[in-house]
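Colleague: Input file: work.csv. Contents: CSV, C-alpha atoms.
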```
chain,number,residue,atom,x,y,z
A,199,MET,CA,16.3,-39.5,19.2
A,200,LYS,CA,19.1,-39.1,16.7
A,201,ARG,CA,19.1,-35.8,14.9
A,202,LEU,CA,18.4,-35.6,11.2
A,203,LEU,CA,21.4,-35.3,8.9
A,204,PRO,CA,21.9,-31.8,7.6
A,205,SER,CA,21.3,-32.9,4.1
A,206,LEU,CA,18.0,-34.3,5.1
A,207,ARG,CA,16.7,-31.2,6.9
A,208,GLY,CA,14.5,-28.8,5.0
A,209,LYS,CA,16.0,-25.7,3.7
A,210,LYS,CA,15.2,-22.6,5.7
A,211,ARG,CA,15.1,-18.8,5.2
A,212,TYR,CA,15.5,-16.3,8.1
A,213,ILE,CA,13.5,-13.1,8.1
A,214,ALA,CA,14.9,-10.2,10.0
A,215,PHE,CA,12.1,-7.9,11.1
A,216,GLU,CA,11.2,-4.9,13.3
A,217,LEU,CA,8.0,-4.3,15.0
A,218,ILE,CA,6.4,-0.9,15.1
A,219,SER,CA,3.7,-0.7,17.6
A,220,GLU,CA,1.7,1.5,19.9
A,221,GLY,CA,3.0,-0.2,23.1
A,222,PRO,CA,5.3,-2.9,24.3
A,223,VAL,CA,4.4,-6.4,22.9
A,224,GLY,CA,5.3,-9.7,24.5
A,225,ARG,CA,6.8,-12.5,22.5
A,226,SER,CA,4.0,-14.9,23.2
A,227,ASP,CA,1.4,-12.4,21.9
A,228,LEU,CA,3.4,-11.9,18.8
A,229,VAL,CA,3.6,-15.7,18.1
A,230,LYS,CA,-0.1,-16.1,18.6
A,231,GLU,CA,-0.9,-13.2,16.3
A,232,ILE,CA,1.5,-14.3,13.5
A,233,MET,CA,0.0,-17.8,13.6
A,234,SER,CA,-3.6,-16.6,13.6
A,235,SER,CA,-2.9,-14.2,10.7
A,236,ALA,CA,-1.2,-16.9,8.7
A,237,SER,CA,-4.0,-19.4,9.2
A,238,SER,CA,-6.6,-16.8,8.3
A,239,LEU,CA,-4.9,-15.5,5.2
A,240,LEU,CA,-3.4,-18.7,3.8
A,241,GLY,CA,-5.4,-21.4,5.4
A,242,ASP,CA,-4.1,-24.1,7.7
A,243,VAL,CA,-2.6,-26.3,5.0
A,244,ILE,CA,-0.3,-23.7,3.4
A,245,SER,CA,0.6,-22.2,6.8
A,246,SER,CA,1.9,-25.6,7.8
A,247,GLU,CA,4.0,-25.7,4.7
A,248,CYS,CA,5.4,-22.3,5.6
A,249,ASP,CA,6.8,-23.7,8.8
A,250,ILE,CA,6.9,-20.4,10.6
A,251,LYS,CA,8.9,-20.2,13.8
A,252,ILE,CA,9.9,-17.2,15.8
A,253,LEU,CA,13.6,-17.6,16.8
A,254,GLY,CA,14.1,-14.5,18.8
A,255,PHE,CA,12.4,-11.3,19.6
A,256,GLU,CA,13.6,-8.5,21.8
A,257,ASP,CA,14.0,-4.8,21.7
A,258,TRP,CA,11.5,-4.5,18.8
A,259,LYS,CA,13.6,-6.6,16.5
A,260,GLY,CA,13.7,-10.3,15.8
A,261,ILE,CA,14.2,-13.2,13.5
A,262,ILE,CA,11.6,-15.5,12.0
A,263,GLN,CA,12.3,-18.8,10.4
A,264,CYS,CA,10.4,-20.1,7.4
A,265,SER,CA,10.6,-22.6,4.6
A,266,ASN,CA,12.6,-21.5,1.6
A,267,THR,CA,9.9,-22.3,-0.9
A,268,ARG,CA,7.2,-20.3,1.0
A,269,VAL,CA,8.9,-17.0,1.6
A,270,LYS,CA,6.4,-15.0,-0.3
A,271,GLU,CA,3.4,-16.5,1.6
A,272,THR,CA,5.2,-15.9,4.9
A,273,ARG,CA,5.9,-12.3,4.0
A,274,ALA,CA,2.2,-11.7,3.1
A,275,SER,CA,1.0,-13.2,6.3
A,276,LEU,CA,3.4,-11.1,8.3
A,277,ALA,CA,2.1,-8.0,6.4
A,278,ALA,CA,-1.5,-8.9,7.3
A,279,ILE,CA,-0.9,-8.3,10.9
A,280,THR,CA,-2.7,-5.2,12.1
A,281,ARG,CA,-3.2,-5.6,15.8
A,282,ILE,CA,-1.3,-7.4,18.5
A,283,ASN,CA,-3.1,-7.9,21.8
A,284,GLY,CA,-5.4,-5.0,20.9
A,285,LYS,CA,-2.6,-2.6,20.2
A,286,ARG,CA,-2.1,-1.4,16.6
A,287,ALA,CA,1.1,-2.7,15.1
A,288,THR,CA,2.9,-3.3,11.9
A,289,LEU,CA,5.8,-5.7,11.1
A,290,HIS,CA,8.5,-4.3,8.8
A,291,ILE,CA,10.9,-6.8,7.2
A,292,PHE,CA,14.5,-5.6,6.9
A,293,GLY,CA,15.6,-8.5,4.8
A,294,ILE,CA,15.8,-12.3,4.2
A,295,SER,CA,18.9,-14.5,4.5
A,296,GLY,CA,19.9,-18.1,4.4
A,297,THR,CA,21.6,-18.2,7.8
A,298,VAL,CA,20.8,-16.8,11.2
A,299,LYS,CA,24.3,-15.4,11.4
A,300,ARG,CA,24.1,-13.5,8.2
A,301,ALA,CA,20.6,-12.2,9.0
A,302,THR,CA,21.9,-10.8,12.3
A,303,GLU,CA,25.0,-9.3,10.8
A,304,LYS,CA,23.5,-7.9,7.7
A,305,PHE,CA,20.2,-6.6,8.9
A,306,LEU,CA,19.7,-6.5,12.7
A,307,GLN,CA,23.0,-4.9,13.6
A,308,ILE,CA,23.0,-2.3,10.8
A,309,HIS,CA,19.4,-1.2,10.6
A,310,LYS,CA,18.1,1.1,13.3
A,311,VAL,CA,14.7,0.5,14.6
A,312,PHE,CA,12.2,3.1,13.5
A,313,GLU,CA,10.8,5.2,16.3
A,314,PRO,CA,8.4,2.9,18.1
A,315,LYS,CA,7.3,6.1,19.7
A,316,ILE,CA,5.1,7.5,16.9
A,317,GLU,CA,2.0,7.2,18.8
A,318,THR,CA,3.4,8.5,22.1
A,319,LYS,CA,4.9,11.5,20.3
A,320,PHE,CA,1.5,12.1,18.7
A,321,LYS,CA,-0.3,11.9,22.0
A,322,MET,CA,2.0,14.4,23.6
A,323,VAL,CA,1.2,16.9,20.9
A,324,GLU,CA,-2.5,16.3,21.4
A,325,GLU,CA,-2.3,17.0,25.1
B,80,MET,CA,18.1,-0.8,-14.8
B,81,GLY,CA,18.1,0.8,-11.4
B,82,LYS,CA,16.1,0.0,-8.4
B,83,PRO,CA,12.4,0.6,-9.1
B,84,LYS,CA,10.8,3.6,-7.5
B,85,PHE,CA,7.8,2.7,-5.4
B,86,TYR,CA,4.9,5.1,-4.7
B,87,ASP,CA,2.0,4.9,-2.4
B,88,PHE,CA,-0.8,6.7,-4.1
B,89,CYS,CA,-3.4,7.0,-1.4
B,90,VAL,CA,-2.5,8.0,2.2
B,91,HIS,CA,-4.8,9.9,4.5
B,92,ALA,CA,-3.4,12.4,6.9
B,93,ILE,CA,-4.9,14.6,9.6
B,94,PRO,CA,-7.9,15.4,9.8
B,95,ASP,CA,-9.0,12.4,7.8
B,96,GLY,CA,-6.5,9.9,9.2
B,97,ASP,CA,-4.7,9.8,12.5
B,98,ASN,CA,-1.2,11.0,11.8
B,99,THR,CA,0.4,14.1,10.4
B,100,VAL,CA,1.9,14.4,7.0
B,101,GLU,CA,5.4,14.4,8.5
B,102,GLN,CA,4.9,11.3,10.5
B,103,LEU,CA,3.5,9.4,7.5
B,104,ALA,CA,6.3,10.7,5.2
B,105,THR,CA,9.1,9.7,7.6
B,106,LEU,CA,7.7,6.2,8.0
B,107,ALA,CA,7.2,5.8,4.2
B,108,MET,CA,10.7,6.9,3.6
B,109,HIS,CA,12.0,4.5,6.2
B,110,PHE,CA,10.1,1.7,4.4
B,111,GLY,CA,11.7,2.6,1.1
B,112,TYR,CA,9.1,4.5,-0.8
B,113,SER,CA,10.1,7.2,-3.3
B,114,GLY,CA,7.0,9.2,-2.8
B,115,ILE,CA,3.5,9.3,-1.4
B,116,VAL,CA,0.3,11.1,-2.3
B,117,ILE,CA,-1.6,12.7,0.5
B,118,ALA,CA,-5.2,12.1,-0.6
B,119,ASN,CA,-7.7,13.1,2.0
B,120,HIS,CA,-11.4,12.5,1.4
B,121,SER,CA,-13.0,15.6,0.1
B,122,ASP,CA,-15.4,15.9,3.1
B,123,LYS,CA,-12.5,16.0,5.5
B,124,LEU,CA,-10.0,18.5,4.1
B,125,PRO,CA,-7.6,20.4,6.3
B,126,GLN,CA,-8.6,24.1,6.9
B,127,SER,CA,-5.5,25.4,5.2
B,128,PRO,CA,-3.6,23.5,2.5
B,129,PRO,CA,-0.4,22.3,4.2
B,130,LEU,CA,3.0,23.0,2.8
B,131,PHE,CA,4.7,19.8,1.5
B,132,ILE,CA,8.4,19.7,1.4
B,133,SER,CA,9.7,17.4,-1.3
B,134,THR,CA,13.3,16.4,-1.6
B,135,ASN,CA,15.2,14.6,-4.3
B,136,VAL,CA,14.9,11.3,-2.4
B,137,PHE,CA,11.3,11.6,-1.4
B,138,GLU,CA,8.4,13.4,-2.9
B,139,ILE,CA,5.0,14.2,-1.4
B,140,PHE,CA,2.3,14.9,-3.9
B,141,ARG,CA,-1.0,16.7,-3.4
B,142,GLY,CA,-4.0,14.5,-4.0
B,143,ILE,CA,-7.6,14.3,-3.2
B,144,GLU,CA,-10.1,11.5,-2.9
B,145,LEU,CA,-13.5,12.7,-3.9
B,146,ILE,CA,-16.4,11.2,-2.1
B,147,GLU,CA,-19.8,12.0,-3.5
B,148,GLU,CA,-23.1,10.2,-4.2
B,149,ASN,CA,-24.4,12.3,-7.0
B,150,PRO,CA,-22.7,11.9,-10.4
B,151,SER,CA,-23.4,15.5,-11.6
B,152,LYS,CA,-22.1,16.9,-8.3
B,153,LEU,CA,-19.0,14.7,-8.8
B,154,ASN,CA,-18.3,16.2,-12.1
B,155,SER,CA,-18.5,19.7,-10.7
B,156,LEU,CA,-16.1,18.6,-7.9
B,157,ILE,CA,-13.7,17.3,-10.4
B,158,GLY,CA,-13.7,20.6,-12.2
B,159,LYS,CA,-13.2,22.4,-8.9
B,160,PHE,CA,-10.2,20.4,-7.7
B,161,ARG,CA,-8.5,19.2,-10.9
B,162,LYS,CA,-6.2,22.3,-11.2
B,163,SER,CA,-5.0,22.3,-7.6
B,164,VAL,CA,-4.1,18.7,-7.1
B,165,ASP,CA,-1.5,16.4,-8.7
B,166,VAL,CA,-3.6,13.2,-8.4
B,167,LEU,CA,-7.4,13.1,-8.4
B,168,ILE,CA,-8.9,9.9,-7.0
B,169,VAL,CA,-12.6,9.1,-6.8
B,170,HIS,CA,-14.0,7.1,-3.9
B,171,GLY,CA,-15.9,4.4,-5.8
B,172,GLY,CA,-18.6,2.2,-4.5
B,173,SER,CA,-21.8,2.7,-6.4
B,174,GLU,CA,-22.8,2.1,-10.0
B,175,ALA,CA,-23.5,5.7,-10.9
B,176,ILE,CA,-20.2,7.0,-9.4
B,177,ASN,CA,-18.1,4.2,-11.0
B,178,LYS,CA,-19.7,5.0,-14.4
B,179,ALA,CA,-19.3,8.8,-14.0
B,180,SER,CA,-15.7,8.6,-13.0
B,181,LEU,CA,-14.5,6.0,-15.5
B,182,GLU,CA,-16.1,8.1,-18.3
B,183,ASN,CA,-14.2,11.2,-17.2
B,184,PRO,CA,-10.7,11.5,-18.6
B,185,ARG,CA,-9.8,14.1,-16.0
B,186,VAL,CA,-10.0,11.5,-13.2
B,187,ASP,CA,-6.7,9.7,-12.5
B,188,ILE,CA,-7.8,6.8,-10.3
B,189,LEU,CA,-11.1,5.1,-9.3
B,190,ASN,CA,-10.5,3.5,-5.9
B,191,HIS,CA,-12.2,0.3,-4.7
B,192,PRO,CA,-15.1,0.1,-7.3
B,193,TYR,CA,-16.7,-2.9,-5.7
B,194,PHE,CA,-20.0,-2.7,-3.7
B,195,ASP,CA,-22.0,-5.4,-2.0
B,196,LYS,CA,-22.7,-8.4,-4.2
B,197,SER,CA,-20.9,-6.9,-7.2
B,198,SER,CA,-17.3,-6.3,-8.2
B,199,GLY,CA,-18.3,-2.9,-9.5
B,200,LEU,CA,-16.9,-3.3,-13.0
B,201,ASN,CA,-18.2,-4.8,-16.2
B,202,GLN,CA,-17.0,-5.0,-19.8
B,203,VAL,CA,-18.6,-1.6,-20.7
B,204,LEU,CA,-17.0,0.2,-17.7
B,205,ALA,CA,-13.6,-1.5,-18.3
B,206,LYS,CA,-13.6,-0.4,-21.9
B,207,ALA,CA,-14.4,3.2,-20.8
B,208,ALA,CA,-11.6,3.1,-18.3
B,209,ALA,CA,-9.1,1.9,-20.9
B,210,GLU,CA,-10.2,4.6,-23.3
B,211,ASN,CA,-10.1,7.4,-20.9
B,212,GLY,CA,-6.9,6.3,-19.1
B,213,VAL,CA,-8.5,6.0,-15.7
B,214,ALA,CA,-6.7,3.6,-13.5
B,215,ILE,CA,-8.4,1.2,-11.1
B,216,GLY,CA,-7.1,1.6,-7.5
B,217,LEU,CA,-6.6,-1.5,-5.4
B,218,THR,CA,-6.4,-0.5,-1.8
B,219,LEU,CA,-4.7,-2.7,0.7
B,220,ARG,CA,-6.4,-1.6,3.9
B,221,PRO,CA,-9.6,-3.5,3.6
B,222,PHE,CA,-7.7,-6.7,2.9
B,223,LEU,CA,-5.6,-6.2,6.0
B,224,HIS,CA,-8.4,-5.2,8.4
B,225,SER,CA,-11.1,-7.8,7.4
B,226,ARG,CA,-11.1,-11.5,8.0
B,227,GLY,CA,-13.2,-14.5,7.2
B,228,SER,CA,-16.2,-14.0,4.9
B,229,ARG,CA,-15.7,-10.3,4.4
B,230,ARG,CA,-12.2,-10.8,3.1
B,231,ILE,CA,-13.3,-13.7,0.9
B,232,ARG,CA,-15.9,-11.5,-0.7
B,233,LEU,CA,-13.3,-8.7,-1.3
B,234,LEU,CA,-10.9,-11.1,-2.8
B,235,SER,CA,-13.4,-12.6,-5.2
B,236,ALA,CA,-14.4,-9.1,-6.3
B,237,LEU,CA,-10.7,-8.3,-6.8
B,238,ARG,CA,-10.2,-11.4,-9.0
B,239,ALA,CA,-13.2,-10.5,-11.1
B,240,ASN,CA,-11.9,-7.0,-11.6
B,241,LEU,CA,-8.4,-8.3,-12.4
B,242,ASP,CA,-9.8,-10.5,-15.2
B,243,LEU,CA,-11.6,-7.5,-16.7
B,244,ALA,CA,-8.5,-5.3,-16.4
B,245,ARG,CA,-6.3,-7.9,-18.1
B,246,LYS,CA,-8.7,-8.4,-20.9
B,247,TYR,CA,-9.3,-4.7,-21.7
B,248,ASP,CA,-5.8,-3.5,-20.7
B,249,VAL,CA,-6.9,-1.2,-17.9
B,250,SER,CA,-4.0,0.1,-15.7
B,251,LEU,CA,-4.0,-0.7,-12.0
B,252,VAL,CA,-2.6,1.3,-9.0
B,253,LEU,CA,-1.7,-0.5,-5.8
B,254,SER,CA,-2.0,1.7,-2.7
B,255,SER,CA,-2.3,1.4,1.0
B,256,SER,CA,-5.2,3.8,1.6
B,257,ALA,CA,-3.6,4.2,5.0
B,258,MET,CA,-5.6,6.0,7.8
B,259,SER,CA,-2.6,5.9,10.2
B,260,CYS,CA,1.0,5.0,10.3
B,261,PHE,CA,0.1,1.5,11.3
B,262,ASP,CA,-1.7,0.9,7.9
B,263,LEU,CA,1.4,1.6,5.9
B,264,ARG,CA,3.3,-1.5,4.6
B,265,SER,CA,6.7,-1.5,3.0
B,266,PRO,CA,6.8,-2.0,-0.8
B,267,MET,CA,8.1,-5.6,-0.7
B,268,GLU,CA,5.4,-6.7,1.7
B,269,THR,CA,2.7,-5.0,-0.4
B,270,LEU,CA,4.1,-6.8,-3.4
B,271,ALA,CA,3.9,-10.2,-1.5
B,272,MET,CA,0.4,-9.4,-0.4
B,273,ALA,CA,-0.7,-8.5,-3.9
B,274,GLU,CA,0.8,-11.7,-5.3
B,275,ILE,CA,-1.0,-13.8,-2.7
B,276,CYS,CA,-4.2,-12.0,-3.7
B,277,GLY,CA,-3.9,-13.0,-7.4
B,278,LEU,CA,-1.7,-10.4,-9.2
B,279,GLU,CA,1.3,-11.5,-11.2
B,280,GLU,CA,4.6,-10.1,-10.0
B,281,GLU,CA,5.0,-7.8,-13.1
B,282,GLU,CA,1.5,-6.5,-12.7
B,283,ALA,CA,2.1,-5.7,-9.1
B,284,LEU,CA,5.4,-3.9,-9.8
B,285,GLU,CA,3.7,-2.0,-12.6
B,286,ALA,CA,0.9,-1.0,-10.3
B,287,MET,CA,3.3,0.4,-7.8
B,288,CYS,CA,6.0,2.0,-10.0
B,289,THR,CA,5.2,2.5,-13.7
B,290,VAL,CA,1.6,3.6,-13.6
B,291,PRO,CA,2.1,6.1,-10.7
B,292,GLU,CA,5.0,7.6,-12.6
B,293,LYS,CA,2.9,7.9,-15.7
B,294,ILE,CA,0.1,9.7,-13.8
B,295,ILE,CA,2.5,12.2,-12.3
B,296,LEU,CA,4.1,12.8,-15.7
B,297,ARG,CA,0.6,13.4,-17.2
B,298,LYS,CA,0.0,16.1,-14.6
B,299,HIS,CA,3.3,17.7,-15.4
B,300,LEU,CA,2.6,17.8,-19.1
B,301,ILE,CA,-0.7,19.6,-18.4
B,302,SER,CA,1.0,22.2,-16.3
B,303,GLY,CA,3.8,22.8,-18.8
B,304,HIS,CA,6.6,20.9,-16.9
B,305,ILE,CA,8.7,19.1,-19.4
B,306,ARG,CA,11.4,17.6,-17.2
B,307,GLU,CA,13.4,18.5,-14.2
B,308,GLY,CA,14.5,22.1,-14.7
B,309,ILE,CA,12.7,22.7,-17.9
B,310,GLU,CA,9.2,24.2,-17.9
B,311,VAL,CA,7.0,26.0,-20.3
B,312,LEU,CA,6.1,29.3,-18.6
B,313,GLU,CA,4.4,31.1,-21.4
B,314,GLU,CA,3.2,29.8,-24.7
B,315,CYS,CA,3.1,32.1,-27.7
B,316,ASP,CA,3.4,32.2,-31.4
B,317,TYR,CA,7.0,32.7,-32.4
B,318,PHE,CA,6.6,32.6,-36.1
```
Kindly transcribe the structure held in the file into structure tokens.
Modeller:
Amino acid sequence: MKRLLPSLRGKKRYIAFELISEGPVGRSDLVKEIMSSASSLLGDVISSECDIKILGFEDWKGIIQCSNTRVKETRASLAAITRINGKRATLHIFGISGTVKRATEKFLQIHKVFEPKIETKFKMVEE
Amino acid sequence: MGKPKFYDFCVHAIPDGDNTVEQLATLAMHFGYSGIVIANHSDKLPQSPPLFISTNVFEIFRGIELIEENPSKLNSLIGKFRKSVDVLIVHGGSEAINKASLENPRVDILNHPYFDKSSGLNQVLAKAAAENGVAIGLTLRPFLHSRGSRRIRLLSALRANLDLARKYDVSLVLSSSAMSCFDLRSPMETLAMAEICGLEEEEALEAMCTVPEKIILRKHLISGHIREGIEVLEECDYF
């Protein structure tokens, strides 16, 4: 099928984020959790307008695509994530950009991931 | 106008929450907060008051969240703790406690006033809150951790309280009420969440920046602190 012309495609925003979690989290679990959190907070109709897609996720960092008119809603649904696959987690947004390239350059390469080891450190102290 | 300073006015550390003050403070700093208030519930206070190290970039304030069923006992608790803490929060959730705390000007914030089947506020209480300068605390944690019917009920209680607060000009404080590091959310995400829940952008900003600053200033005025570097040590009659 012929691809849509660039002028006909919807405008997007790219959200650069980091994940802070108790343990390692797989991409598919993250996708599932983001979708369920969005549909629970916003409802299915508005979540579909948000058009959330996870473009890449590795090493605790990643990029999420969403519609440019629904950035706030997407942000809130990402904030509403509390657990991924039973492990406590929170998603921290570095910033939002109009292109993948800029999002990668401006946020992912500069910002250091916060210790994902909070919990492990804490456990060691306890023992 | 510079960048707004965000504060998280209710964070629970060990032994109430799961993480230590340092862990919470580093994460909050990483998220871009200018300060947090460590407000443990009054039934779970640490044995010895911990030393908080505040820097120019990040401040840690001493707070407490009083949890009590009996209004007269609550008043004596307020008297006991008021001098030693920067921010005094009352754990709301019953009619008597809501009334007692909103009518006491020594209280700074009443957290989550709603209880089952009621939003916890009415026109009388809202008027009292505005007169006594008690802020209503909106906590984020219940909204994050509940889903379905429970969250719907919380949201409708929040809407009802917001309407009252707008009508009678009651100040609001938006905080995370975090029990662990994983309950903290960065300021921008908290704002987005608040806007989804029905607050206007300016209201949400005010609830995270201006109102907290005012509360801290008020405490400083009581203790004789005028501004950074200037403090009233001893008051006497010079003339």
Colleague: Which of these, A:Gly208, A:Val229, A:Leu240, A:Ser235, has the shortest distance to A:Ala277 once you count all atoms listed in the file?
Modeller: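 Closest to A:Ala277, using all atoms listed in the file: A:Ser235.
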Colleague: With only C-alpha atoms considered, list every residue of chain B at most 7 Å from chain A, as a PyMOL selection string.
Modeller: chain B and resi 223-224+226+261+264-265+268+271-272+275
Colleague: Between atom CA of B:Ser254 and atom CA of B:Lys206, what is the spacing in Å?
Modeller: 22.5 Å
Colleague: Quick one: distance from atom CA of A:Arg211 to atom CA of A:Ser265 in Å, one decimal?
Modeller: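 According to the coordinates, atom CA of A:Arg211 and atom CA of A:Ser265 are separated by 5.9 Å.
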Colleague: Need the shell around stretch 182-190 of chain B: protein/DNA/RNA residues with any atom at most 7 Å away, counting all atoms listed in the file. Skip same-chain ones fewer than 4 positions apart. Format as a short mmCIF file (atom, residue, chain, number, x, y, z; two decimals) with C-alpha atoms, in the coordinates of the input?
Modeller:
```cif
data_model
loop_
_atom_site.label_atom_id
_atom_site.label_comp_id
_atom_site.auth_asym_id
_atom_site.auth_seq_id
_atom_site.Cartn_x
_atom_site.Cartn_y
_atom_site.Cartn_z
CA VAL B 166 -3.60 13.20 -8.40
CA LEU B 167 -7.40 13.10 -8.40
CA ILE B 168 -8.90 9.90 -7.00
CA VAL B 169 -12.60 9.10 -6.80
CA HIS B 170 -14.00 7.10 -3.90
CA GLY B 171 -15.90 4.40 -5.80
CA LYS B 178 -19.70 5.00 -14.40
CA ALA B 207 -14.40 3.20 -20.80
CA ALA B 208 -11.60 3.10 -18.30
CA ASN B 211 -10.10 7.40 -20.90
CA GLY B 212 -6.90 6.30 -19.10
CA VAL B 213 -8.50 6.00 -15.70
CA ALA B 214 -6.70 3.60 -13.50
CA ILE B 215 -8.40 1.20 -11.10
CA GLY B 216 -7.10 1.60 -7.50
CA LEU B 217 -6.60 -1.50 -5.40
CA ILE B 294 0.10 9.70 -13.80
#
```
Colleague: Would you fill the gaps in stretch 249-261 of chain B so it has N, CA and C atoms, then print it as a PDB file, in the frame of the given file?
Modeller:
```pdb
ATOM      1  N   VAL B 249      -6.681  -2.321 -18.764  1.00  0.00           N
ATOM      2  CA  VAL B 249      -6.900  -1.200 -17.900  1.00  0.00           C
ATOM      3  C   VAL B 249      -5.700  -1.152 -16.906  1.00  0.00           C
ATOM      4  N   SER B 250      -5.176   0.051 -16.621  1.00  0.00           N
ATOM      5  CA  SER B 250      -4.000   0.100 -15.700  1.00  0.00           C
ATOM      6  C   SER B 250      -4.528   0.037 -14.260  1.00  0.00           C
ATOM      7  N   LEU B 251      -3.659  -0.511 -13.417  1.00  0.00           N
ATOM      8  CA  LEU B 251      -4.000  -0.700 -12.000  1.00  0.00           C
ATOM      9  C   LEU B 251      -3.029   0.113 -11.157  1.00  0.00           C
ATOM     10  N   VAL B 252      -3.497   0.589 -10.006  1.00  0.00           N
ATOM     11  CA  VAL B 252      -2.600   1.300  -9.000  1.00  0.00           C
ATOM     12  C   VAL B 252      -2.807   0.597  -7.700  1.00  0.00           C
ATOM     13  N   LEU B 253      -1.697   0.202  -7.115  1.00  0.00           N
ATOM     14  CA  LEU B 253      -1.700  -0.500  -5.800  1.00  0.00           C
ATOM     15  C   LEU B 253      -1.378   0.544  -4.746  1.00  0.00           C
ATOM     16  N   SER B 254      -2.274   0.768  -3.788  1.00  0.00           N
ATOM     17  CA  SER B 254      -2.000   1.700  -2.700  1.00  0.00           C
ATOM     18  C   SER B 254      -2.431   1.210  -1.406  1.00  0.00           C
ATOM     19  N   SER B 255      -1.988   1.886  -0.338  1.00  0.00           N
ATOM     20  CA  SER B 255      -2.300   1.400   1.000  1.00  0.00           C
ATOM     21  C   SER B 255      -3.638   1.915   1.502  1.00  0.00           C
ATOM     22  N   SER B 256      -4.008   3.123   1.077  1.00  0.00           N
ATOM     23  CA  SER B 256      -5.200   3.800   1.600  1.00  0.00           C
ATOM     24  C   SER B 256      -5.064   3.902   3.144  1.00  0.00           C
ATOM     25  N   ALA B 257      -3.875   4.228   3.615  1.00  0.00           N
ATOM     26  CA  ALA B 257      -3.600   4.200   5.000  1.00  0.00           C
ATOM     27  C   ALA B 257      -4.317   5.314   5.780  1.00  0.00           C
ATOM     28  N   MET B 258      -4.932   4.975   6.900  1.00  0.00           N
ATOM     29  CA  MET B 258      -5.600   6.000   7.800  1.00  0.00           C
ATOM     30  C   MET B 258      -4.603   6.397   8.863  1.00  0.00           C
ATOM     31  N   SER B 259      -3.621   5.572   9.176  1.00  0.00           N
ATOM     32  CA  SER B 259      -2.600   5.900  10.200  1.00  0.00           C
ATOM     33  C   SER B 259      -1.310   5.290   9.803  1.00  0.00           C
ATOM     34  N   CYS B 260      -0.271   5.567  10.579  1.00  0.00           N
ATOM     35  CA  CYS B 260       1.000   5.000  10.300  1.00  0.00           C
ATOM     36  C   CYS B 260       0.995   3.468  10.312  1.00  0.00           C
ATOM     37  N   PHE B 261       0.102   2.915  11.115  1.00  0.00           N
ATOM     38  CA  PHE B 261       0.100   1.500  11.300  1.00  0.00           C
ATOM     39  C   PHE B 261      -0.554   0.761  10.068  1.00  0.00           C
TER      40      PHE B 261
END
```
